[in-house]
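Chemist: Contents of start.txt (compact mmCIF, C-alpha atoms) are below:
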# COMPACT_ATOMS: atom_id res chain seq x y z
CA MET A 1 2.70 -22.91 16.47
CA VAL A 2 4.60 -22.44 13.25
CA SER A 3 3.46 -18.85 13.31
CA ALA A 4 4.85 -18.37 16.78
CA SER A 5 8.35 -19.29 15.67
CA LYS A 6 7.98 -17.26 12.49
CA MET A 7 6.88 -14.34 14.58
CA SER A 8 9.86 -14.45 16.89
CA LYS A 9 12.17 -14.69 13.88
CA ALA A 10 10.43 -11.75 12.23
CA GLU A 11 10.70 -9.80 15.43
CA LEU A 12 14.43 -10.54 15.50
CA ASN A 13 14.75 -9.39 11.89
CA ALA A 14 12.96 -6.18 12.68
CA LYS A 15 15.29 -5.65 15.62
CA GLY A 16 18.38 -6.44 13.56
CA PHE A 17 17.37 -3.68 11.23
CA VAL A 18 17.19 -1.07 13.97
CA PRO A 19 20.93 -0.26 14.19
CA TYR A 20 21.07 0.38 10.46
CA ALA A 21 17.96 2.55 10.53
CA ASP A 22 19.16 4.54 13.53
CA LYS A 23 22.57 5.16 12.06
CA ILE A 24 21.37 6.21 8.64
CA GLN A 25 18.77 8.46 10.23
CA GLU A 26 21.44 10.05 12.42
CA VAL A 27 23.76 10.76 9.52
CA VAL A 28 20.99 12.02 7.25
CA ALA A 29 19.68 14.28 10.00
CA SER A 30 23.08 15.68 10.79
CA ILE A 31 23.78 16.47 7.16
CA ALA A 32 20.34 17.85 6.50
CA ASN A 33 20.54 20.02 9.60
CA SER A 34 23.89 21.48 8.77
CA THR A 35 22.95 22.62 5.30
CA ASP A 36 20.24 24.62 3.64
CA ILE A 37 20.34 22.62 0.48
CA GLY A 38 16.89 22.24 -0.92
CA HIS A 39 17.15 18.66 -2.00
CA PRO A 40 13.94 17.63 -3.80
CA MET A 41 13.44 14.75 -1.39
CA LEU A 42 13.47 17.10 1.55
CA THR A 43 11.27 19.84 0.18
CA LYS A 44 7.54 19.81 -0.01
CA ARG A 45 5.96 20.43 -3.35
CA GLU A 46 2.44 20.86 -4.55
CA VAL A 47 0.77 17.48 -4.39
CA LYS A 48 -0.81 16.50 -7.67
CA LYS A 49 -0.49 12.79 -7.28
CA THR A 50 -0.09 10.82 -4.11
CA GLY A 51 1.43 7.38 -3.91
CA TYR A 52 0.17 4.90 -1.35
CA MET A 53 2.24 1.91 -0.50
CA VAL A 54 0.10 -0.73 1.12
CA ILE A 55 1.69 -3.63 2.93
CA THR A 56 -0.54 -6.66 3.23
CA SER A 57 -0.05 -10.38 3.49
CA ASP A 58 -0.10 -12.96 0.73
CA ARG A 59 -2.15 -15.45 2.64
CA GLY A 60 -5.37 -15.37 4.56
CA LEU A 61 -6.02 -16.55 8.09
CA VAL A 62 -4.45 -13.48 9.60
CA GLY A 63 -7.52 -12.12 11.32
CA ALA A 64 -8.23 -8.48 10.71
CA TYR A 65 -4.65 -7.80 9.61
CA ASN A 66 -5.42 -7.02 5.99
CA SER A 67 -8.86 -5.55 6.42
CA HIS A 68 -7.59 -2.93 8.87
CA VAL A 69 -4.93 -1.77 6.48
CA LEU A 70 -7.24 -1.74 3.49
CA LYS A 71 -9.99 0.03 5.39
CA ASN A 72 -7.50 2.69 6.36
CA LEU A 73 -6.46 3.02 2.72
CA ILE A 74 -10.02 3.40 1.47
CA ASN A 75 -10.89 5.92 4.17
CA THR A 76 -7.85 8.01 3.38
CA ILE A 77 -8.54 7.93 -0.33
CA GLN A 78 -12.16 8.89 0.12
CA LYS A 79 -11.25 11.71 2.42
CA ARG A 80 -8.49 13.17 0.31
CA HIS A 81 -9.17 12.45 -3.31
CA GLN A 82 -11.91 13.16 -5.80
CA SER A 83 -10.71 11.25 -8.81
CA LYS A 84 -8.55 8.29 -9.59
CA ASP A 85 -5.95 10.46 -11.27
CA GLU A 86 -4.93 11.92 -7.96
CA TYR A 87 -3.43 8.83 -6.46
CA THR A 88 -1.80 5.56 -7.25
CA ILE A 89 -1.15 2.44 -5.28
CA ILE A 90 1.92 0.37 -4.79
CA ALA A 91 0.74 -2.96 -3.51
CA VAL A 92 2.91 -5.27 -1.44
CA GLY A 93 1.26 -8.62 -0.87
CA ARG A 94 -1.41 -10.51 -2.73
CA LYS A 95 -4.35 -9.51 -0.55
CA GLY A 96 -3.82 -5.82 -1.10
CA TYR A 97 -3.24 -6.33 -4.80
CA ASP A 98 -6.40 -8.38 -5.29
CA TYR A 99 -8.45 -5.94 -3.25
CA CYS A 100 -7.36 -2.93 -5.29
CA LYS A 101 -7.71 -4.81 -8.56
CA LYS A 102 -11.26 -5.77 -7.70
CA ARG A 103 -12.19 -2.20 -6.86
CA GLU A 104 -10.37 -0.96 -9.95
CA LEU A 105 -8.04 1.28 -8.03
CA PRO A 106 -4.97 2.35 -9.97
CA ILE A 107 -1.99 0.12 -9.16
CA THR A 108 1.38 1.18 -10.51
CA LYS A 109 3.59 -1.41 -8.97
CA SER A 110 3.13 -4.52 -7.00
CA ILE A 111 5.11 -7.28 -5.46
CA ILE A 112 3.61 -10.60 -4.52
CA GLY A 113 5.22 -13.46 -2.73
CA VAL A 114 7.54 -11.62 -0.38
CA ALA A 115 9.26 -14.20 1.78
CA ASP A 116 8.30 -14.65 5.39
CA HIS A 117 11.62 -13.22 6.37
CA PRO A 118 12.37 -10.77 3.60
CA LYS A 119 15.92 -9.90 2.63
CA PHE A 120 16.75 -6.38 1.64
CA ALA A 121 17.65 -7.57 -1.86
CA GLU A 122 14.10 -8.79 -2.48
CA ILE A 123 12.47 -5.50 -1.78
CA LYS A 124 15.28 -3.33 -3.05
CA GLU A 125 14.08 -3.09 -6.62
CA LEU A 126 10.56 -2.10 -5.67
CA ALA A 127 11.84 0.40 -3.13
CA GLN A 128 14.25 1.87 -5.63
CA GLU A 129 11.61 2.19 -8.31
CA THR A 130 9.20 3.78 -5.88
CA VAL A 131 11.74 6.31 -4.73
CA GLN A 132 12.59 6.93 -8.37
CA MET A 133 8.93 7.66 -9.09
CA TYR A 134 9.10 10.40 -6.54
CA ILE A 135 12.34 11.79 -7.92
CA ASP A 136 10.95 11.74 -11.45
CA GLY A 137 7.91 13.65 -10.28
CA GLU A 138 5.42 10.90 -11.07
CA ILE A 139 4.21 11.18 -7.52
CA ASP A 140 4.57 14.17 -5.24
CA GLU A 141 4.07 12.41 -1.98
CA LEU A 142 4.51 8.89 -0.76
CA ASN A 143 2.52 7.42 2.07
CA ILE A 144 2.92 4.00 3.49
CA ILE A 145 0.20 2.07 5.27
CA TYR A 146 1.10 -0.99 7.29
CA ASN A 147 0.55 -2.73 10.59
CA HIS A 148 2.97 -1.66 13.24
CA TYR A 149 4.06 -4.45 15.54
CA VAL A 150 3.37 -3.40 19.12
CA SER A 151 3.35 -6.81 20.76
CA ALA A 152 2.31 -10.34 19.95
CA ILE A 153 -1.31 -9.55 20.67
CA SER A 154 -1.46 -5.99 19.49
CA GLN A 155 -0.78 -4.54 16.07
CA GLN A 156 -1.59 -1.05 15.08
CA VAL A 157 -2.43 0.29 11.65
CA THR A 158 0.02 3.02 10.88
CA ALA A 159 -0.07 5.49 8.03
CA LYS A 160 3.15 7.36 7.55
CA LYS A 161 4.33 9.94 5.11
CA LEU A 162 7.65 8.76 3.73
CA LEU A 163 8.39 11.31 1.08
CA PRO A 164 9.13 14.16 1.17
CA ILE A 165 11.27 13.34 4.18
CA GLU A 166 10.15 15.44 7.09
CA ASN A 167 10.70 15.59 10.81
CA LEU A 168 14.40 15.17 10.49
CA HIS A 169 15.03 18.37 12.32
CA ASN A 170 13.28 17.69 15.58
CA GLU A 171 15.01 14.41 16.27
CA GLY A 172 17.48 16.17 18.52
CA THR A 173 20.47 14.24 17.25
CA VAL A 174 23.92 15.38 18.14
CA SER A 175 25.15 16.88 14.92
CA SER A 176 28.86 16.54 14.83
CA ASP A 177 30.85 18.59 12.41
CA TYR A 178 31.62 16.16 9.69
CA GLU A 179 34.01 16.51 6.86
CA TYR A 180 32.22 15.57 3.67
CA ASP A 181 33.81 13.76 0.82
CA PRO A 182 33.20 14.93 -1.90
CA ASN A 183 30.56 17.39 -0.64
CA GLN A 184 27.23 17.51 1.11
CA GLU A 185 25.09 17.76 -2.00
CA GLU A 186 26.52 14.65 -3.54
CA ILE A 187 26.32 12.72 -0.34
CA LEU A 188 22.68 13.65 0.08
CA GLU A 189 22.15 12.57 -3.50
CA VAL A 190 23.34 9.07 -2.59
CA LEU A 191 22.13 8.95 0.95
CA LEU A 192 18.55 10.15 0.74
CA PRO A 193 17.33 7.48 -1.67
CA GLN A 194 19.04 4.90 0.50
CA TYR A 195 17.38 6.35 3.54
CA ALA A 196 13.96 6.24 1.91
CA GLU A 197 14.53 2.69 0.76
CA SER A 198 15.57 1.69 4.23
CA LEU A 199 12.37 3.21 5.62
CA ILE A 200 10.34 1.13 3.20
CA PHE A 201 12.24 -1.99 4.16
CA GLY A 202 11.77 -1.18 7.84
CA ALA A 203 8.02 -0.84 7.38
CA LEU A 204 7.96 -4.15 5.55
CA LEU A 205 9.82 -5.91 8.36
CA ASP A 206 7.49 -4.36 10.88
CA GLY A 207 4.52 -5.45 8.79
CA LYS A 208 5.84 -8.98 8.51
CA ALA A 209 6.26 -9.28 12.26
CA SER A 210 2.67 -8.08 12.66
CA GLU A 211 1.49 -10.51 10.02
CA HIS A 212 2.97 -13.48 11.84
CA ALA A 213 1.62 -12.23 15.15
CA ALA A 214 -1.83 -11.74 13.65
CA SER A 215 -1.77 -15.13 12.02
CA MET A 216 -0.70 -16.70 15.29
CA THR A 217 -3.65 -15.11 17.09
CA ALA A 218 -6.03 -15.96 14.26
CA MET A 219 -4.92 -19.57 14.15
CA ARG A 220 -5.10 -19.94 17.88
CA SER A 221 -8.64 -18.60 18.01
CA ALA A 222 -9.54 -20.81 15.07
CA THR A 223 -8.24 -23.80 17.03
CA ASP A 224 -10.09 -22.66 20.15
CA ASN A 225 -13.32 -22.20 18.22
CA ALA A 226 -13.00 -25.57 16.58
CA GLU A 227 -12.45 -27.19 19.97
CA ASP A 228 -15.53 -25.46 21.39
CA LEU A 229 -17.52 -26.60 18.41
CA ILE A 230 -16.28 -30.15 18.78
CA GLY A 231 -17.24 -30.10 22.48
CA ASP A 232 -20.74 -28.80 21.72
CA LEU A 233 -21.27 -31.27 18.91
CA SER A 234 -20.10 -34.29 20.91
CA LEU A 235 -22.44 -33.30 23.73
CA THR A 236 -25.37 -33.04 21.32
CA TYR A 237 -24.39 -36.33 19.73
CA ASN A 238 -24.20 -38.13 23.08
CA ARG A 239 -27.53 -36.69 24.15
CA ALA A 240 -29.18 -37.83 20.94
CA ARG A 241 -27.66 -41.28 21.27
CA GLN A 242 -28.74 -41.57 24.89
CA ALA A 243 -32.24 -40.40 24.00
CA ALA A 244 -32.47 -43.04 21.28
CA ILE A 245 -31.34 -45.78 23.68
CA THR A 246 -33.76 -44.67 26.38
CA GLN A 247 -36.58 -44.64 23.90
CA GLU A 248 -35.74 -48.13 22.67
CA ILE A 249 -35.70 -49.49 26.22
CA THR A 250 -38.98 -47.81 26.99
CA GLU A 251 -40.51 -49.36 23.88
CA ILE A 252 -39.25 -52.85 24.75
CA VAL A 253 -40.39 -52.55 28.35
CA GLY A 254 -43.75 -51.21 27.11
CA GLY A 255 -44.08 -54.08 24.62
CA VAL A 256 -43.31 -56.72 27.28
CA ALA A 257 -45.78 -55.13 29.69
CA ALA A 258 -48.51 -55.19 27.01
CA GLN A 259 -48.05 -58.94 26.42
CA GLU A 260 -48.50 -59.89 30.05
CA MET B 1 48.31 1.55 20.47
CA LYS B 2 44.99 3.11 19.70
CA THR B 3 42.46 1.18 17.68
CA LEU B 4 39.30 1.92 15.77
CA ASP B 5 35.96 0.41 16.68
CA VAL B 6 34.56 -0.73 13.41
CA SER B 7 31.00 -1.78 12.86
CA VAL B 8 29.54 -2.79 9.54
CA VAL B 9 25.76 -2.64 9.43
CA THR B 10 23.32 -3.67 6.72
CA PRO B 11 19.52 -3.67 6.66
CA SER B 12 19.60 -7.38 7.48
CA GLY B 13 21.57 -6.75 10.64
CA PRO B 14 25.15 -6.16 11.77
CA VAL B 15 27.77 -8.00 9.73
CA LEU B 16 30.90 -7.34 11.69
CA GLU B 17 32.04 -5.55 14.78
CA GLY B 18 35.50 -5.30 16.24
CA SER B 19 38.57 -3.18 16.75
CA PHE B 20 41.12 -2.70 14.03
CA ASP B 21 44.26 -0.68 13.49
CA MET B 22 43.32 0.68 10.12
CA VAL B 23 40.45 0.74 7.67
CA VAL B 24 41.08 1.07 3.95
CA CYS B 25 38.24 1.53 1.54
CA LYS B 26 37.36 3.06 -1.77
CA ALA B 27 35.31 6.22 -1.53
CA GLU B 28 33.72 7.83 -4.55
CA THR B 29 36.71 10.11 -4.85
CA GLY B 30 39.34 7.45 -4.42
CA GLU B 31 41.00 5.11 -2.01
CA ILE B 32 41.03 6.31 1.55
CA GLY B 33 42.73 4.96 4.66
CA ILE B 34 41.44 5.70 8.12
CA LEU B 35 43.66 5.58 11.19
CA PRO B 36 42.59 6.20 14.78
CA GLY B 37 42.10 9.89 15.48
CA HIS B 38 40.73 10.73 12.05
CA ILE B 39 38.52 13.81 11.82
CA PRO B 40 34.78 13.14 11.54
CA LEU B 41 34.01 12.24 7.96
CA VAL B 42 31.13 11.03 5.86
CA ALA B 43 31.82 9.51 2.48
CA PRO B 44 29.92 7.26 0.09
CA LEU B 45 31.73 4.10 -0.91
CA GLN B 46 32.09 2.46 -4.28
CA ILE B 47 31.18 -1.13 -4.90
CA SER B 48 34.49 -2.37 -3.63
CA ALA B 49 36.46 -4.15 -1.00
CA VAL B 50 36.81 -2.75 2.48
CA ARG B 51 40.04 -3.86 4.10
CA LEU B 52 40.30 -4.00 7.85
CA LYS B 53 43.82 -4.27 9.16
CA ASN B 54 44.85 -5.61 12.50
CA GLY B 55 48.61 -6.00 12.82
CA ASN B 56 49.61 -8.16 9.88
CA GLU B 57 46.17 -9.60 9.45
CA THR B 58 43.80 -8.16 6.89
CA LYS B 59 40.12 -8.86 6.72
CA LYS B 60 38.23 -8.14 3.55
CA LEU B 61 34.59 -7.32 3.08
CA ALA B 62 32.64 -6.97 -0.16
CA VAL B 63 30.56 -3.84 0.18
CA ASN B 64 27.84 -2.60 -2.12
CA GLY B 65 25.85 0.60 -1.95
CA GLY B 66 27.38 1.88 1.20
CA PHE B 67 28.82 4.87 2.89
CA MET B 68 30.93 5.33 5.93
CA GLU B 69 30.79 7.56 8.89
CA VAL B 70 34.05 8.19 10.67
CA GLN B 71 34.58 9.50 14.15
CA PRO B 72 37.97 9.72 15.84
CA ASP B 73 37.72 6.30 17.46
CA LYS B 74 34.87 4.75 15.57
CA VAL B 75 34.07 3.81 12.00
CA THR B 76 30.57 2.84 10.96
CA ILE B 77 30.02 1.42 7.52
CA LEU B 78 26.43 1.33 6.37
CA ALA B 79 25.83 -0.72 3.28
CA GLN B 80 22.97 -2.29 1.42
CA SER B 81 24.94 -5.48 1.48
CA ALA B 82 28.26 -6.51 2.97
CA GLU B 83 29.84 -9.94 3.00
CA LYS B 84 32.92 -11.42 4.56
CA ALA B 85 35.25 -13.26 2.22
CA THR B 86 34.19 -16.60 3.66
CA GLU B 87 30.49 -15.86 3.24
CA ILE B 88 30.65 -15.10 -0.43
CA ASP B 89 28.88 -17.53 -2.69
CA VAL B 90 31.49 -17.74 -5.42
CA GLN B 91 29.34 -19.90 -7.67
CA ARG B 92 26.47 -17.44 -7.52
CA ALA B 93 28.75 -14.49 -8.15
CA LYS B 94 30.17 -16.26 -11.19
CA GLU B 95 26.72 -16.84 -12.57
CA ALA B 96 25.76 -13.24 -11.88
CA LYS B 97 28.86 -12.11 -13.69
CA GLU B 98 28.08 -14.18 -16.77
CA ARG B 99 24.49 -13.00 -16.75
CA ALA B 100 25.51 -9.38 -16.52
CA GLU B 101 28.08 -9.76 -19.28
CA SER B 102 25.65 -11.35 -21.69
CA ARG B 103 23.14 -8.64 -20.91
CA LEU B 104 25.71 -5.96 -21.60
CA GLN B 105 26.50 -7.53 -24.94
CA ALA B 106 22.86 -7.64 -25.89
CA LYS B 107 22.91 -3.81 -25.94
CA GLN B 108 19.51 -3.03 -24.65
CA ASP B 109 18.23 0.33 -23.52
CA THR B 110 20.21 2.42 -21.10
CA ILE B 111 18.47 1.61 -17.83
CA ASP B 112 19.08 -2.09 -18.25
CA LYS B 113 22.61 -1.33 -19.23
CA THR B 114 23.36 0.65 -16.09
CA ARG B 115 21.78 -2.06 -14.04
CA ALA B 116 23.80 -4.75 -15.73
CA GLU B 117 26.96 -2.74 -15.28
CA LEU B 118 26.26 -2.38 -11.57
CA ALA B 119 25.49 -6.07 -11.29
CA LEU B 120 28.72 -6.86 -13.08
CA ARG B 121 30.70 -4.67 -10.73
CA ARG B 122 29.10 -6.30 -7.72
CA ALA B 123 29.83 -9.76 -9.06
CA VAL B 124 33.44 -8.97 -9.95
CA ASN B 125 33.94 -7.39 -6.55
CA ARG B 126 32.58 -10.48 -4.81
CA LEU B 127 34.75 -12.76 -6.93
CA ASP B 128 37.86 -10.72 -6.19
CA ILE B 129 37.30 -10.99 -2.49
CA GLY B 130 35.92 -14.50 -2.42
CA LYS B 131 38.95 -16.02 -4.09
Translate the structure of the given file into structure tokens.
Modeler:
Amino acid sequence: MVSASKMSKAELNAKGFVPYADKIQEVVASIANSTDIGHPMLTKREVKKTGYMVITSDRGLVGAYNSHVLKNLINTIQKRHQSKDEYTIIAVGRKGYDYCKKRELPITKSIIGVADHPKFAEIKELAQETVQMYIDGEIDELNIIYNHYVSAISQQVTAKKLLPIENLHNEGTVSSDYEYDPNQEEILEVLLPQYAESLIFGALLDGKASEHAASMTAMRSATDNAEDLIGDLSLTYNRARQAAITQEITEIVGGVAAQE
Amino acid sequence: MKTLDVSVVTPSGPVLEGSFDMVVCKAETGEIGILPGHIPLVAPLQISAVRLKNGNETKKLAVNGGFMEVQPDKVTILAQSAEKATEIDVQRAKEAKERAESRLQAKQDTIDKTRAELALRRAVNRLDIGK
């Protein structure tokens, strides 16, 4: 039941992040809506190389948690790409890293050993570097694949396009007329990478909550299965023992009867 | 007297919420003071101290990588990290400062240098406030 407490903590973390995410989204949307600036992070460009960020766990015993994510990754890659030059993988978590390594998929960056309750500082560097890759033009699109936490018993594999940032316009946020200091371009310059990083962090928190939920379910069913097995085996054992005793008695009784 | 609702939010959750008379912080373009009734404003903040004034009392926060959104009666500060003076780990900040300084002296390539400079600024900022 360690997982259960980890899960509720992870859920709390994910919730604690919500105000930040909402606010930054609101501000970004209101700036982006009020200008026509073609910031590179907002504009689509021809996709030559796609980045996939895969969030998996470090440990096993999490049921189908990792395999769902990785299956989704492989399917997407097979559907969209012909050669290995067209995509690259950013692996979060040992399972995803090992999987890609074994299949010789190109991994550019990886992080292993993310804490159960990650702090922003831990993931910041990776997020920054990933966003930088997009800005530098190393990748032209960034997708993130992770398990979305729906409830303790249900997690859903989600594949999201993070960069270029889209769908800001149909959020229907109230765009107030802000004064910008120094100006909109420079604010976007600072804000958009932060926004993208926060999205990555959000996905990670969500993934962690799912991981703990999945491991809770997996461990519980492992316990249940073991108990079933123990029950079956003790029954078989008792039967065998009883059979042996019965046979012994029969033999003794038979032997006595033969001597009379 | 009118007050400002101030909330400071980081990715790890809200750090502080409350009403204050005045907010003083360092934007990219310079120091800026916000009083109730300010026009809506968005401004990125430097790695610096945010001062929250309530009467004669002043609360200080160490803010890094943040920006603020101002509405007439509300100030929201979004930052990658924000710490109250009491929460600052002075020992750790000192170590970070020394590390950054030695790295700067080593004169490596430019990316490391910028990083070290940023780390140094963060550490110095924390130390200033933590004292």
Chemist: Which of these, A:Gly231, A:Gly16, A:Pro193, A:Gly113, has the shortest distance to chain B once you count all atoms listed in the file?
Modeler: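 Between A:Gly231, A:Gly16, A:Pro193, A:Gly113, the residue approaching chain B most closely is A:Gly16.
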Chemist: Only residues of chain A matter here; which ones have an atom within 6 Å of chain B, counting all atoms listed in the file? Give them as a list of chain:residue names.
Modeler: A:Gly16, A:Phe17, A:Tyr20, A:Tyr178, A:Glu179, A:Tyr180, A:Asp181
Chemist: Find the distance between CA of Glu17 in chain B and CA of Gln194 in chain A and write it in Å to one decimal.
Modeler: 22.0 Å
Chemist: With all atoms listed in the file as the counted atoms, please give the residues lying no more than 10 Å from Arg51 in chain B, apart from itself and same-chain residues fewer than 2 positions off, as a ChimeraX atom specification.
Modeler: /B:22-26,33,48-49,53-54,57-62
Chemist: So which residues touch Ile145 in chain A within 6 Å, counting only C-alpha atoms, skipping near sequence neighbours fewer than 5 positions away, as a list in words?
Modeler: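 Here the answer would be Val54, Thr158 and Ala159 of chain A.
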Chemist: If you measure from CA of Ile34 in chain B to CA of Gln46 in chain B, what distance in Å do you get, rounded to one decimal?
Modeler: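 One can read the CA of Ile34 in chain B to CA of Gln46 in chain B distance as 15.9 Å.
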Chemist: How far is it from CA of Glu125 in chain A to CA of Val92 in chain A, in Å with one decimal?
Modeler: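 Between these atoms lies a distance of 12.5 Å.
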Chemist: Up to 10 Å from (-7.9, 8.3, -12.1) in the file's coordinates: name the residues, counting all atoms listed in the file, as a compact mmCIF listing (two decimals) with C-alpha atoms, keeping the file's coordinate frame.
Modeler:
# COMPACT_ATOMS: atom_id res chain seq x y z
CA LYS A 49 -0.49 12.79 -7.28
CA HIS A 81 -9.17 12.45 -3.31
CA GLN A 82 -11.91 13.16 -5.80
CA SER A 83 -10.71 11.25 -8.81
CA LYS A 84 -8.55 8.29 -9.59
CA ASP A 85 -5.95 10.46 -11.27
CA GLU A 86 -4.93 11.92 -7.96
CA TYR A 87 -3.43 8.83 -6.46
CA THR A 88 -1.80 5.56 -7.25
CA GLU A 104 -10.37 -0.96 -9.95
CA LEU A 105 -8.04 1.28 -8.03
CA PRO A 106 -4.97 2.35 -9.97
Chemist: Would you mind telling me which residue in A:Leu188, A:Ile139, A:Val253, A:Ala226 lies nearest to Lys48 in chain A when using only C-alpha atoms?
Modeler: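 Closest to Lys48 in chain A of all the choices is A:Ile139.
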